[in-house]
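File shown: upload-v3.cif (mmCIF, C-alpha atoms).
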data_run
loop_
_atom_site.group_PDB
_atom_site.id
_atom_site.type_symbol
_atom_site.label_atom_id
_atom_site.label_comp_id
_atom_site.auth_asym_id
_atom_site.auth_seq_id
_atom_site.Cartn_x
_atom_site.Cartn_y
_atom_site.Cartn_z
ATOM 1 C CA MET A 1 21.380 21.182 -8.197
ATOM 2 C CA THR A 2 17.911 20.082 -7.067
ATOM 3 C CA PRO A 3 17.999 16.520 -5.686
ATOM 4 C CA ALA A 4 16.107 13.896 -7.653
ATOM 5 C CA ALA A 5 12.654 13.117 -6.291
ATOM 6 C CA PRO A 6 12.649 9.943 -4.181
ATOM 7 C CA THR A 7 11.102 6.786 -5.606
ATOM 8 C CA TRP A 8 10.087 3.414 -4.211
ATOM 9 C CA ASP A 9 13.301 2.018 -5.698
ATOM 10 C CA ASP A 10 15.529 4.066 -3.382
ATOM 11 C CA ALA A 11 17.299 2.100 -0.636
ATOM 12 C CA GLU A 12 16.452 4.823 1.900
ATOM 13 C CA THR A 13 12.759 4.630 1.019
ATOM 14 C CA ALA A 14 12.743 0.832 1.276
ATOM 15 C CA ARG A 15 14.481 0.901 4.674
ATOM 16 C CA ALA A 16 12.120 3.556 6.025
ATOM 17 C CA TYR A 17 9.104 1.572 4.843
ATOM 18 C CA GLN A 18 10.501 -1.565 6.462
ATOM 19 C CA ALA A 19 11.031 0.325 9.740
ATOM 20 C CA PHE A 20 7.465 1.632 9.606
ATOM 21 C CA THR A 21 5.953 -1.817 9.099
ATOM 22 C CA ALA A 22 8.075 -3.242 11.932
ATOM 23 C CA ARG A 23 6.883 -0.588 14.403
ATOM 24 C CA HIS A 24 3.256 -0.133 13.406
ATOM 25 C CA ASP A 25 0.384 -2.405 12.383
ATOM 26 C CA ARG A 26 -1.229 -0.205 9.707
ATOM 27 C CA TYR A 27 -0.330 -2.470 6.810
ATOM 28 C CA ARG A 28 -0.478 -5.716 8.781
ATOM 29 C CA THR A 29 -4.090 -4.905 9.675
ATOM 30 C CA ALA A 30 -4.933 -3.999 6.080
ATOM 31 C CA ASN A 31 -3.221 -7.124 4.715
ATOM 32 C CA ALA A 32 -5.047 -9.400 7.149
ATOM 33 C CA ALA A 33 -8.387 -7.919 6.042
ATOM 34 C CA LEU A 34 -7.401 -8.279 2.383
ATOM 35 C CA VAL A 35 -6.534 -11.977 2.555
ATOM 36 C CA ARG A 36 -9.674 -12.717 4.595
ATOM 37 C CA ALA A 37 -11.771 -11.051 1.929
ATOM 38 C CA ALA A 38 -9.909 -12.931 -0.821
ATOM 39 C CA ARG A 39 -10.991 -16.305 0.654
ATOM 40 C CA ILE A 40 -7.677 -17.965 -0.069
ATOM 41 C CA ALA A 41 -7.697 -21.768 0.009
ATOM 42 C CA PRO A 42 -4.713 -24.009 0.855
ATOM 43 C CA SER A 43 -3.918 -25.059 -2.725
ATOM 44 C CA HIS A 44 -4.310 -21.684 -4.409
ATOM 45 C CA ARG A 45 -1.868 -20.150 -6.846
ATOM 46 C CA VAL A 46 -1.559 -16.503 -5.782
ATOM 47 C CA LEU A 47 -0.156 -13.531 -7.677
ATOM 48 C CA ASP A 48 0.788 -10.637 -5.386
ATOM 49 C CA VAL A 49 1.329 -7.479 -7.450
ATOM 50 C CA GLY A 50 2.987 -4.427 -5.950
ATOM 51 C CA ALA A 51 4.299 -6.855 -3.347
ATOM 52 C CA GLY A 52 6.518 -4.335 -1.547
ATOM 53 C CA ILE A 53 8.546 -6.150 1.116
ATOM 54 C CA GLY A 54 6.118 -9.064 1.316
ATOM 55 C CA GLY A 55 3.471 -8.046 3.847
ATOM 56 C CA THR A 56 0.549 -9.227 1.721
ATOM 57 C CA ALA A 57 2.355 -12.436 0.803
ATOM 58 C CA ALA A 58 3.091 -13.180 4.460
ATOM 59 C CA ALA A 59 -0.583 -12.795 5.309
ATOM 60 C CA ALA A 60 -1.556 -15.064 2.401
ATOM 61 C CA LEU A 61 0.930 -17.763 3.398
ATOM 62 C CA ALA A 62 -0.879 -18.250 6.690
ATOM 63 C CA ARG A 63 -3.861 -19.514 4.663
ATOM 64 C CA LEU A 64 -1.958 -21.615 2.119
ATOM 65 C CA GLY A 65 -1.027 -25.237 2.532
ATOM 66 C CA GLY A 66 2.108 -26.940 1.330
ATOM 67 C CA SER A 67 0.901 -27.015 -2.271
ATOM 68 C CA GLY A 68 -0.023 -23.315 -2.402
ATOM 69 C CA ARG A 69 2.289 -20.889 -4.183
ATOM 70 C CA VAL A 70 2.774 -17.101 -4.239
ATOM 71 C CA VAL A 71 4.454 -15.142 -7.017
ATOM 72 C CA CYS A 72 5.439 -11.724 -5.644
ATOM 73 C CA VAL A 73 5.809 -9.092 -8.357
ATOM 74 C CA GLU A 74 7.613 -5.947 -7.210
ATOM 75 C CA PRO A 75 9.322 -3.652 -9.742
ATOM 76 C CA SER A 76 11.490 -1.930 -7.099
ATOM 77 C CA ALA A 77 14.773 -3.809 -6.703
ATOM 78 C CA ALA A 78 15.317 -2.192 -3.290
ATOM 79 C CA MET A 79 11.962 -3.464 -2.031
ATOM 80 C CA ARG A 80 12.505 -6.936 -3.555
ATOM 81 C CA ARG A 81 15.816 -7.312 -1.738
ATOM 82 C CA LEU A 82 14.154 -6.638 1.608
ATOM 83 C CA GLY A 83 11.136 -8.763 0.690
ATOM 84 C CA ARG A 84 13.209 -11.849 -0.045
ATOM 85 C CA ALA A 85 14.699 -11.589 3.431
ATOM 86 C CA GLU A 86 11.392 -10.773 5.139
ATOM 87 C CA VAL A 87 9.468 -13.636 3.491
ATOM 88 C CA ALA A 88 11.953 -16.487 3.209
ATOM 89 C CA ASP A 89 9.556 -19.298 2.338
ATOM 90 C CA PRO A 90 9.983 -21.954 -0.378
ATOM 91 C CA ARG A 91 6.389 -21.363 -1.500
ATOM 92 C CA VAL A 92 7.267 -17.787 -2.569
ATOM 93 C CA VAL A 93 9.153 -16.559 -5.628
ATOM 94 C CA TRP A 94 9.983 -12.925 -6.399
ATOM 95 C CA ARG A 95 9.877 -11.290 -9.814
ATOM 96 C CA ALA A 96 10.326 -7.780 -11.184
ATOM 97 C CA ARG A 97 7.354 -8.333 -13.493
ATOM 98 C CA VAL A 98 4.639 -10.901 -14.142
ATOM 99 C CA PRO A 99 6.244 -14.034 -15.629
ATOM 100 C CA ARG A 100 5.728 -14.746 -19.315
ATOM 101 C CA PRO A 101 3.996 -16.728 -20.562
ATOM 102 C CA ALA A 102 1.725 -15.643 -17.746
ATOM 103 C CA PRO A 103 0.114 -18.553 -15.889
ATOM 104 C CA ALA A 104 -3.451 -18.349 -14.590
ATOM 105 C CA PHE A 105 -3.837 -17.623 -10.873
ATOM 106 C CA ASP A 106 -6.618 -18.480 -8.441
ATOM 107 C CA ARG A 107 -6.140 -15.176 -6.655
ATOM 108 C CA VAL A 108 -4.542 -11.890 -7.674
ATOM 109 C CA LEU A 109 -3.848 -9.653 -4.681
ATOM 110 C CA CYS A 110 -2.831 -6.013 -4.615
ATOM 111 C CA GLY A 111 -2.326 -4.652 -1.118
ATOM 112 C CA ALA A 112 -2.157 -0.872 -0.713
ATOM 113 C CA SER A 113 -0.584 -0.149 -4.095
ATOM 114 C CA ILE A 114 -3.053 -0.346 -6.979
ATOM 115 C CA TRP A 115 -3.023 3.451 -7.396
ATOM 116 C CA LEU A 116 0.721 3.283 -8.215
ATOM 117 C CA MET A 117 0.227 1.114 -11.310
ATOM 118 C CA GLY A 118 -1.103 3.616 -13.806
ATOM 119 C CA ALA A 119 -4.622 4.081 -15.131
ATOM 120 C CA LEU A 120 -7.011 1.985 -13.056
ATOM 121 C CA ASP A 121 -9.066 0.704 -15.990
ATOM 122 C CA ALA A 122 -5.973 -0.687 -17.739
ATOM 123 C CA THR A 123 -4.605 -2.089 -14.473
ATOM 124 C CA ILE A 124 -7.845 -3.916 -13.675
ATOM 125 C CA ALA A 125 -8.066 -5.348 -17.201
ATOM 126 C CA ARG A 126 -4.438 -6.504 -17.039
ATOM 127 C CA LEU A 127 -4.892 -8.198 -13.653
ATOM 128 C CA ALA A 128 -8.238 -9.746 -14.593
ATOM 129 C CA ALA A 129 -6.512 -11.402 -17.558
ATOM 130 C CA ARG A 130 -4.254 -13.253 -15.093
ATOM 131 C CA LEU A 131 -7.190 -14.956 -13.327
ATOM 132 C CA ALA A 132 -8.204 -18.562 -13.800
ATOM 133 C CA PRO A 133 -11.962 -19.188 -14.218
ATOM 134 C CA GLY A 134 -13.569 -18.813 -10.812
ATOM 135 C CA GLY A 135 -10.585 -16.824 -9.537
ATOM 136 C CA ALA A 136 -10.734 -13.453 -7.832
ATOM 137 C CA LEU A 137 -8.913 -10.140 -7.827
ATOM 138 C CA ALA A 138 -8.721 -8.523 -4.371
ATOM 139 C CA PHE A 139 -7.304 -5.092 -3.601
ATOM 140 C CA ASP A 140 -7.709 -2.263 -1.102
ATOM 141 C CA VAL A 141 -7.223 1.498 -0.821
ATOM 142 C CA PRO A 142 -7.530 4.054 1.970
ATOM 143 C CA ALA A 143 -11.096 5.367 1.764
ATOM 144 C CA ALA A 144 -9.920 8.947 1.221
ATOM 145 C CA TYR A 145 -8.214 7.880 -2.027
ATOM 146 C CA VAL A 146 -11.603 7.079 -3.595
ATOM 147 C CA GLY A 147 -13.265 10.258 -2.384
ATOM 148 C CA VAL A 148 -14.865 8.886 0.783
ATOM 149 C CA PRO A 149 -14.203 11.410 3.584
ATOM 150 C CA ASP A 150 -12.462 9.718 6.459
ATOM 151 C CA THR A 151 -10.988 12.617 8.417
ATOM 152 C CA PRO A 152 -12.753 14.563 11.170
ATOM 153 C CA ARG A 153 -13.364 18.266 10.591
ATOM 154 C CA VAL A 154 -10.198 18.992 12.555
ATOM 155 C CA ASP A 155 -7.695 16.194 11.899
ATOM 156 C CA PRO A 156 -5.585 15.619 15.035
ATOM 157 C CA LEU A 157 -2.810 14.194 12.879
ATOM 158 C CA GLY A 158 -2.558 17.428 10.912
ATOM 159 C CA ALA A 159 -0.740 18.994 13.863
ATOM 160 C CA ILE A 160 2.650 17.752 12.636
ATOM 161 C CA ALA A 161 2.357 19.546 9.289
ATOM 162 C CA ALA A 162 0.950 22.638 11.011
ATOM 163 C CA TRP A 163 3.910 22.786 13.407
ATOM 164 C CA LEU A 164 6.420 22.267 10.590
ATOM 165 C CA ALA A 165 4.785 25.101 8.658
ATOM 166 C CA GLY A 166 4.928 27.407 11.672
ATOM 167 C CA ALA A 167 8.587 26.531 12.221
ATOM 168 C CA ARG A 168 9.297 27.176 8.515
ATOM 169 C CA MET A 169 10.473 23.607 8.059
ATOM 170 C CA LEU A 170 8.165 22.734 5.186
ATOM 171 C CA ALA A 171 9.474 22.696 1.646
ATOM 172 C CA PRO A 172 8.255 25.486 -0.637
ATOM 173 C CA ALA A 173 6.892 22.863 -3.036
ATOM 174 C CA PRO A 174 3.180 22.061 -2.664
ATOM 175 C CA LEU A 175 1.973 18.664 -1.507
ATOM 176 C CA PRO A 176 1.618 16.067 -4.273
ATOM 177 C CA PRO A 177 -1.750 16.082 -6.053
ATOM 178 C CA ALA A 178 -4.499 13.773 -4.848
ATOM 179 C CA VAL A 179 -4.486 10.241 -6.199
ATOM 180 C CA ALA A 180 -6.600 10.051 -9.348
ATOM 181 C CA LEU A 181 -9.003 7.206 -8.572
ATOM 182 C CA PRO A 182 -12.751 7.091 -9.228
ATOM 183 C CA ASP A 183 -15.293 6.869 -6.438
ATOM 184 C CA PRO A 184 -16.329 3.380 -5.233
ATOM 185 C CA ALA A 185 -19.161 3.117 -7.761
ATOM 186 C CA GLY A 186 -16.704 4.071 -10.508
ATOM 187 C CA VAL A 187 -14.301 1.361 -9.364
ATOM 188 C CA GLU A 188 -17.120 -1.166 -9.582
ATOM 189 C CA ARG A 189 -17.999 -0.067 -13.100
ATOM 190 C CA LEU A 190 -14.392 -0.709 -14.154
ATOM 191 C CA LEU A 191 -14.464 -4.151 -12.533
ATOM 192 C CA ALA A 192 -17.722 -4.995 -14.327
ATOM 193 C CA ALA A 193 -16.244 -3.807 -17.639
ATOM 194 C CA ALA A 194 -13.393 -6.285 -17.093
ATOM 195 C CA GLY A 195 -15.912 -9.115 -16.669
ATOM 196 C CA LEU A 196 -15.615 -9.317 -12.884
ATOM 197 C CA ARG A 197 -18.400 -9.569 -10.295
ATOM 198 C CA ALA A 198 -17.361 -7.380 -7.364
ATOM 199 C CA ARG A 199 -18.106 -7.372 -3.675
ATOM 200 C CA ARG A 200 -17.130 -4.248 -1.734
ATOM 201 C CA TRP A 201 -15.892 -4.486 1.853
ATOM 202 C CA SER A 202 -14.220 -2.192 4.363
ATOM 203 C CA MET A 203 -12.124 -2.219 7.517
ATOM 204 C CA ARG A 204 -11.257 0.386 10.123
ATOM 205 C CA ALA A 205 -8.024 0.783 12.038
ATOM 206 C CA ARG A 206 -6.471 3.213 14.486
ATOM 207 C CA LEU A 207 -3.779 5.561 13.103
ATOM 208 C CA THR A 208 -1.693 7.207 15.819
ATOM 209 C CA GLN A 209 0.336 10.402 15.761
ATOM 210 C CA ALA A 210 3.536 8.379 16.281
ATOM 211 C CA ALA A 211 2.666 6.109 13.347
ATOM 212 C CA TYR A 212 1.902 9.135 11.196
ATOM 213 C CA ARG A 213 5.309 10.618 12.073
ATOM 214 C CA ASP A 214 7.033 7.382 11.026
ATOM 215 C CA TRP A 215 4.965 7.205 7.847
ATOM 216 C CA LEU A 216 6.151 10.718 6.962
ATOM 217 C CA ALA A 217 9.727 9.497 7.493
ATOM 218 C CA ILE A 218 9.350 7.486 4.265
ATOM 219 C CA PRO A 219 10.942 9.793 1.641
ATOM 220 C CA VAL A 220 8.331 9.158 -1.068
ATOM 221 C CA VAL A 221 5.498 9.981 1.341
ATOM 222 C CA SER A 222 6.883 13.280 2.614
ATOM 223 C CA ALA A 223 8.630 14.515 -0.546
ATOM 224 C CA GLY A 224 6.041 17.247 -1.022
ATOM 225 C CA MET A 225 6.318 18.400 2.595
ATOM 226 C CA LEU A 226 10.031 18.095 3.293
ATOM 227 C CA GLY A 227 11.607 18.421 -0.119
ATOM 228 C CA GLY A 228 15.067 17.034 -0.768
ATOM 229 C CA VAL A 229 16.377 16.831 2.798
ATOM 230 C CA ASP A 230 18.375 13.757 3.772
ATOM 231 C CA ALA A 231 17.238 11.044 6.176
ATOM 232 C CA ALA A 232 18.884 12.618 9.240
ATOM 233 C CA GLU A 233 17.359 16.048 8.624
ATOM 234 C CA ARG A 234 13.946 14.544 7.832
ATOM 235 C CA ALA A 235 14.038 12.661 11.149
ATOM 236 C CA ARG A 236 15.183 15.778 13.025
ATOM 237 C CA ARG A 237 12.295 17.856 11.701
ATOM 238 C CA LEU A 238 9.702 15.164 12.341
ATOM 239 C CA ASP A 239 10.989 14.496 15.856
ATOM 240 C CA ALA A 240 10.888 18.212 16.621
ATOM 241 C CA ALA A 241 7.285 18.382 15.409
ATOM 242 C CA LEU A 242 6.240 15.306 17.387
ATOM 243 C CA ALA A 243 7.741 16.827 20.538
ATOM 244 C CA HIS A 244 5.484 19.889 20.160
ATOM 245 C CA VAL A 245 2.162 18.166 19.390
ATOM 246 C CA ASP A 246 -0.036 15.679 21.222
ATOM 247 C CA ALA A 247 1.902 12.465 20.648
ATOM 248 C CA ALA A 248 -1.034 10.442 22.023
ATOM 249 C CA ALA A 249 -3.471 11.763 19.406
ATOM 250 C CA TRP A 250 -5.051 9.299 16.983
ATOM 251 C CA ARG A 251 -7.938 8.908 14.579
ATOM 252 C CA ARG A 252 -9.814 6.147 12.817
ATOM 253 C CA GLU A 253 -8.731 5.256 9.303
ATOM 254 C CA THR A 254 -11.056 3.408 6.936
ATOM 255 C CA TRP A 255 -9.878 1.230 4.073
ATOM 256 C CA ILE A 256 -12.177 0.115 1.262
ATOM 257 C CA GLY A 257 -11.531 -3.083 -0.651
ATOM 258 C CA TRP A 258 -13.002 -5.159 -3.428
ATOM 259 C CA THR A 259 -13.040 -8.886 -4.115
ATOM 260 C CA ALA A 260 -13.988 -9.337 -7.777
ATOM 261 C CA TRP A 261 -14.717 -12.769 -9.207
ATOM 262 C CA LYS A 262 -14.148 -14.073 -12.711
ATOM 263 C CA SER A 263 -16.864 -16.307 -14.102
#
As structure tokens, how would this structure be written, given the file I've shared?
Amino acid sequence: MTPAAPTWDDAETARAYQAFTARHDRYRTANAALVRAARIAPSHRVLDVGAGIGGTAAAALARLGGSGRVVCVEPSAAMRRLGRAEVADPRVVWRARVPRPAPAFDRVLCGASIWLMGALDATIARLAARLAPGGALAFDVPAAYVGVPDTPRVDPLGAIAAWLAGARMLAPAPLPPAVALPDPAGVERLLAAAGLRARRWSMRARLTQAAYRDWLAIPVVSAGMLGGVDAAERARRLDAALAHVDAAAWRRETWIGWTAWKS
């Protein structure tokens, strides 16, 4: 029987994601840029959607005072369990979905997950409806996800997949299809259609070969490359690949974000 495809609600996926964020600063860097761009004030009411294990919320808390509050919405029970432990702060509450009746928020944040929430136009409209007047929606995506090339002609981090292919350790299934997001101008048209005035921003970070190996250890991320292998076999294959490539290799990674204000 073919194993079920991994999801973000698998305990193994949640643990691997937690291990990645503990070892590498990819998401910490992105979250810090996101909350800076959101211009969070000490008393703000913040809705963090696709909260994961609380990285965005933790970054926001550093800018909130005692009266500020964060509602973390994360549909994955496995991620919520880890998030409650990671961000144990009385200003934070965790929910599987947006509370009803939905209150108005000064800021709605979505760190590195908006492409997982379905059609972008409907997602933006739904999140914009949660904003108080004068509030802002802020979210980010890797630049490549919106069609902005971010990889050199020869990607040094592609060596892991190339080695796995040569060693016949890749799954026969193809890689997952590209994320279906519009280009940056298309994103801004959707924000305008939702009645939001958008400002685009970007940040650049360094993605190392070791970080890329650990990112591929997350079952959801590498499902198309490594198929239904278990955690031990996934780690064995990735470690073997890392031992045969330039472990010191790295490249720049650009993220594009938007802060979109409600009148």
Minimum-distance residue to Ile40 (chain A), chosen among A:Pro99, A:Leu109, A:Arg234, A:Ile124 (using all atoms listed in the file): A:Leu109
Residue IDs satisfying the PyMOL selection byres ((chain A and resi 244-258) around 6), as a list in words: Ala138, Phe139, Asp140, Val141, Pro142, Ala143, Arg199, Arg200, Trp201, Ser202, Met203, Arg204, Ala205, Arg206, Leu207, Thr208, Gln209, Ala241, Leu242, Ala243 and Thr259 of chain A
Exactly which residues make up the result of the PyMOL selection byres ((chain A and resi 126) around 12) on this file, given as a short mmCIF file (atom, residue, chain, number, x, y, z; two decimals) with C-alpha atoms, in the coordinates of the input?
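Output file out-v6.cif is given in full below:
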data_model
loop_
_atom_site.label_atom_id
_atom_site.label_comp_id
_atom_site.auth_asym_id
_atom_site.auth_seq_id
_atom_site.Cartn_x
_atom_site.Cartn_y
_atom_site.Cartn_z
CA VAL A 49 1.33 -7.48 -7.45
CA VAL A 98 4.64 -10.90 -14.14
CA ALA A 102 1.72 -15.64 -17.75
CA VAL A 108 -4.54 -11.89 -7.67
CA ILE A 114 -3.05 -0.35 -6.98
CA MET A 117 0.23 1.11 -11.31
CA GLY A 118 -1.10 3.62 -13.81
CA ALA A 119 -4.62 4.08 -15.13
CA LEU A 120 -7.01 1.98 -13.06
CA ASP A 121 -9.07 0.70 -15.99
CA ALA A 122 -5.97 -0.69 -17.74
CA THR A 123 -4.61 -2.09 -14.47
CA ILE A 124 -7.84 -3.92 -13.68
CA ALA A 125 -8.07 -5.35 -17.20
CA LEU A 127 -4.89 -8.20 -13.65
CA ALA A 128 -8.24 -9.75 -14.59
CA ALA A 129 -6.51 -11.40 -17.56
CA ARG A 130 -4.25 -13.25 -15.09
CA LEU A 131 -7.19 -14.96 -13.33
CA LEU A 137 -8.91 -10.14 -7.83
CA LEU A 190 -14.39 -0.71 -14.15
CA LEU A 191 -14.46 -4.15 -12.53
CA ALA A 194 -13.39 -6.28 -17.09
CA GLY A 195 -15.91 -9.12 -16.67
#
Given the file shown, enumerate the residues that the PyMOL selection byres ((chain A and resi 48) around 7) captures and present them as a short mmCIF file (atom, residue, chain, number, x, y, z; two decimals) with C-alpha atoms, in the frame of the given file.
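Output contents, as saved in part_18.cif:
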data_model
loop_
_atom_site.label_atom_id
_atom_site.label_comp_id
_atom_site.auth_asym_id
_atom_site.auth_seq_id
_atom_site.Cartn_x
_atom_site.Cartn_y
_atom_site.Cartn_z
CA VAL A 46 -1.56 -16.50 -5.78
CA LEU A 47 -0.16 -13.53 -7.68
CA VAL A 49 1.33 -7.48 -7.45
CA GLY A 50 2.99 -4.43 -5.95
CA ALA A 51 4.30 -6.86 -3.35
CA ALA A 57 2.36 -12.44 0.80
CA VAL A 70 2.77 -17.10 -4.24
CA VAL A 71 4.45 -15.14 -7.02
CA CYS A 72 5.44 -11.72 -5.64
CA VAL A 73 5.81 -9.09 -8.36
CA VAL A 108 -4.54 -11.89 -7.67
CA LEU A 109 -3.85 -9.65 -4.68
CA CYS A 110 -2.83 -6.01 -4.62
#
Atom pair CA of Pro133 (chain A) / CA of Thr56 (chain A): separation (Å):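 Those two atoms sit 22.6 Å apart.
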Length of the CA of Leu170 (chain A) to CA of Leu226 (chain A) vector [Å]: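 Taking CA of Leu170 (chain A) as the start and CA of Leu226 (chain A) as the end point, the length is 5.3 Å.
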Nearest to Pro149 (chain A), chosen from A:Ala223, A:Asp183, A:Ala232, A:Gly166, with all atoms listed in the file counted in the distances: A:Asp183
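Counting all atoms listed in the file and comparing A:Arg100, A:Ala161, A:Ala77, A:Val154, the residue that lies closest to Tyr212 (chain A) is A:Ala161.
Reported to one decimal place, the separation of CA of Ala58 (chain A) from CA of Glu74 (chain A) is 14.5 Å.
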